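Below you'll find the structure, written out as structure tokens, and then a few comments.
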Amino acid sequence: MRLEYKRLLLVQKGFLTFQMSSLLTLTSISKRFDNGLEAIRRLDLAVAAGEFVSLVGPSGCGKSTALRLVAGLTAPSAGTLSFAPARPEIAFVFQEPALMPWTGALANARLPLDLKRVARGEAEARAERALARVGLKGFEKAYPRELSGGMKMRVSIARALAAEPKLLLMDEPFAALDEFARQALNDDLIALAREDAITVLFVTHSVFESAYLSSRVLVMTPRPGAVAAEIALRPPAIRDAAWRMSEDFLAGARRISAALKLAMESTA
């Protein structure tokens, strides 16, 4: 069945929503690499200020490529990418923490400020505050080898927060963590994004993680990636273990799973 017909079914089932005003807009974006691989084809994506939007889809569907396009780490082959009213401060958290092994947590969290040549006193203060906010007060001098996987990721998030971003891009940051650490970081991320009014574009393979974190989930087709469905969610501002077991949460996860199944079948 053609993708256009599948999208019509998703509209009829209430899966698709549309944003009237956006901080970030991708219009008919395509990306073909030099080796001929077409990662994305005519991707349309809009994110409003203050949203927490997750991208879910099969491996290789272009989710990470979309984040790299937004960050300016690679250029589109076609289409337009725009910010309104202007390009915001952007921070990127990768799947691997990518910490400098030869220095402590404070210096790692301070790195983007050092690169921008922020005065050392201000940079130190901002990095210290960021580490405290992610639960690492007292670990400023700890080297990456002395930290657990979850703590390393907290340093990576602190490094992003120290830059005071308005748009935070996160590429499967919790995929390698155990379930306990993952859930704890999910809760902390929601609180931090709310406190700082940060817009988040988040890539995950987990249907349940996307349902827990997001105000909206974009389901992508297999490569070349495009948005097959947009699923609006209405989670409470403060989420907890009870929310993870609630019928509303499980209903949202079921909707995402159903949309993902349709998207996968669209290329069959």
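Letters for chains follow the order of the structure tokens (A, B, ...), residue numbers begin at 1 for each chain, and ligand numbers begin at 1 in the order shown.
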
With 7 Å as the cut-off and only C-alpha atoms counted, what is the closest atom pair between each nearby residue of range 26-142 of chain A and range 149-165 of chain A? Distances in Å to one decimal, ordered by chain and number, as CSV.
residue,atom,partner,partner_atom,distance
A:Glu89,CA,A:Pro165,CA,4.7
A:Ile90,CA,A:Pro165,CA,5.1
A:Ala91,CA,A:Ala160,CA,5.3
A:Phe92,CA,A:Ala160,CA,6.7
A:Val93,CA,A:Ser156,CA,6.6
A:Pro97,CA,A:Ser156,CA,5.3
A:Ala105,CA,A:Val155,CA,6.3
A:Asn108,CA,A:Arg159,CA,6.7
A:Ala109,CA,A:Arg159,CA,3.8
A:Arg110,CA,A:Arg159,CA,6.3
A:Pro112,CA,A:Ala163,CA,6.5
A:Leu113,CA,A:Ala163,CA,6.5
A:Arg126,CA,A:Ala162,CA,5.5
A:Ala127,CA,A:Ala162,CA,5.4
A:Ala130,CA,A:Ala158,CA,4.8
A:Leu131,CA,A:Ala158,CA,5.3
A:Val134,CA,A:Arg154,CA,5.9

Writing out the chosen residues with N, CA and C atoms as a PDB file, in the first residue's frame:
ATOM      1  N   GLU A  89      20.468  29.194  20.474  1.00  0.00           N
ATOM      2  CA  GLU A  89      21.621  28.467  20.990  1.00  0.00           C
ATOM      3  C   GLU A  89      21.254  26.978  21.000  1.00  0.00           C
ATOM      4  N   ILE A  90      22.107  26.140  20.379  1.00  0.00           N
ATOM      5  CA  ILE A  90      21.824  24.714  20.233  1.00  0.00           C
ATOM      6  C   ILE A  90      22.901  23.905  20.940  1.00  0.00           C
ATOM      7  N   ALA A  91      22.480  22.880  21.664  1.00  0.00           N
ATOM      8  CA  ALA A  91      23.413  21.924  22.262  1.00  0.00           C
ATOM      9  C   ALA A  91      23.045  20.527  21.778  1.00  0.00           C
ATOM     10  N   PHE A  92      24.056  19.671  21.675  1.00  0.00           N
ATOM     11  CA  PHE A  92      23.872  18.319  21.136  1.00  0.00           C
ATOM     12  C   PHE A  92      24.401  17.316  22.151  1.00  0.00           C
ATOM     13  N   VAL A  93      23.571  16.358  22.538  1.00  0.00           N
ATOM     14  CA  VAL A  93      24.000  15.256  23.408  1.00  0.00           C
ATOM     15  C   VAL A  93      23.950  13.977  22.582  1.00  0.00           C
ATOM     16  N   PRO A  97      28.867   9.577  25.682  1.00  0.00           N
ATOM     17  CA  PRO A  97      29.151  10.837  26.362  1.00  0.00           C
ATOM     18  C   PRO A  97      30.305  11.643  25.760  1.00  0.00           C
ATOM     19  N   ALA A 105      35.288  16.043  35.619  1.00  0.00           N
ATOM     20  CA  ALA A 105      33.930  16.349  35.184  1.00  0.00           C
ATOM     21  C   ALA A 105      33.720  17.840  34.971  1.00  0.00           C
ATOM     22  N   ASN A 108      35.198  18.936  31.710  1.00  0.00           N
ATOM     23  CA  ASN A 108      34.392  18.406  30.611  1.00  0.00           C
ATOM     24  C   ASN A 108      33.107  19.205  30.443  1.00  0.00           C
ATOM     25  N   ALA A 109      32.469  19.556  31.548  1.00  0.00           N
ATOM     26  CA  ALA A 109      31.237  20.336  31.467  1.00  0.00           C
ATOM     27  C   ALA A 109      31.505  21.763  30.990  1.00  0.00           C
ATOM     28  N   ARG A 110      32.708  22.244  31.230  1.00  0.00           N
ATOM     29  CA  ARG A 110      33.074  23.621  30.862  1.00  0.00           C
ATOM     30  C   ARG A 110      33.503  23.746  29.411  1.00  0.00           C
ATOM     31  N   PRO A 112      32.315  23.563  26.195  1.00  0.00           N
ATOM     32  CA  PRO A 112      31.740  24.472  25.194  1.00  0.00           C
ATOM     33  C   PRO A 112      31.959  25.936  25.538  1.00  0.00           C
ATOM     34  N   LEU A 113      32.054  26.254  26.829  1.00  0.00           N
ATOM     35  CA  LEU A 113      32.289  27.637  27.231  1.00  0.00           C
ATOM     36  C   LEU A 113      33.747  28.028  26.965  1.00  0.00           C
ATOM     37  N   ARG A 126      29.232  28.425  35.750  1.00  0.00           N
ATOM     38  CA  ARG A 126      28.148  27.824  34.976  1.00  0.00           C
ATOM     39  C   ARG A 126      28.290  26.303  34.927  1.00  0.00           C
ATOM     40  N   ALA A 127      29.509  25.817  34.763  1.00  0.00           N
ATOM     41  CA  ALA A 127      29.737  24.371  34.725  1.00  0.00           C
ATOM     42  C   ALA A 127      29.444  23.741  36.082  1.00  0.00           C
ATOM     43  N   ALA A 130      25.718  23.525  36.516  1.00  0.00           N
ATOM     44  CA  ALA A 130      25.156  22.483  35.656  1.00  0.00           C
ATOM     45  C   ALA A 130      25.394  21.097  36.257  1.00  0.00           C
ATOM     46  N   LEU A 131      26.588  20.859  36.777  1.00  0.00           N
ATOM     47  CA  LEU A 131      26.874  19.563  37.401  1.00  0.00           C
ATOM     48  C   LEU A 131      25.991  19.348  38.629  1.00  0.00           C
ATOM     49  N   VAL A 134      22.455  18.217  37.711  1.00  0.00           N
ATOM     50  CA  VAL A 134      22.285  16.834  37.257  1.00  0.00           C
ATOM     51  C   VAL A 134      22.718  15.831  38.329  1.00  0.00           C
TER      52      VAL A 134
END

**OP:** Write out as a ChimeraX atom specification each polymer residue whose atoms come within 12 Å of Ser59 in chain A, counting only C-alpha atoms; drop sequence neighbours fewer than 3 positions from it.
**Re:** /A:39,55-56,62-65,172,203-206,220-225,264

Subject >> Exercise: Leu201 in chain A partners within 9 Å, only C-alpha atoms, chain neighbours under 4 positions left out, as a list in words >> reply: Val47, Glu51, Phe52, Val53, Ser54, Leu55, Leu67, Leu167, Leu168, Leu169, Met170 and Asp171 of chain A

**OP:** Any chance you could list, as number ranges by chain, the residues in range 26-251 of chain A that come up strand (DSSP E) when DSSP is run on the backbone?
**Re:** A: 26-32, 38-47, 52-56, 78-83, 90-93, 167-171, 199-203, 216-220, 227-232

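Among the candidates A:Leu218, A:Ala86, A:Leu250, A:Ala211, the residue lying nearest to Leu233 in chain A is A:Ala211 (atoms considered: only C-alpha atoms).
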
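You can rank A:Leu260, A:Arg244, A:Lys31, A:Ser210 by their closest distance to Ala232 in chain A using only C-alpha atoms, and at the top of that list sits A:Ser210.
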
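Take CA of Arg41 in chain A and CA of Ala226 in chain A: the distance between them is 6.0 Å.
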
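Of the residues listed (A:Pro85, A:Pro173, A:Pro76, A:Gly121), A:Pro173 shows the shortest atom-to-atom separation from Asn186 in chain A; distances use only C-alpha atoms.
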
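Shortest atom-to-atom contact with Ser82 in chain A among A:Leu106, A:Ala98, A:Leu189, A:Leu26: A:Leu26, counting only C-alpha atoms.
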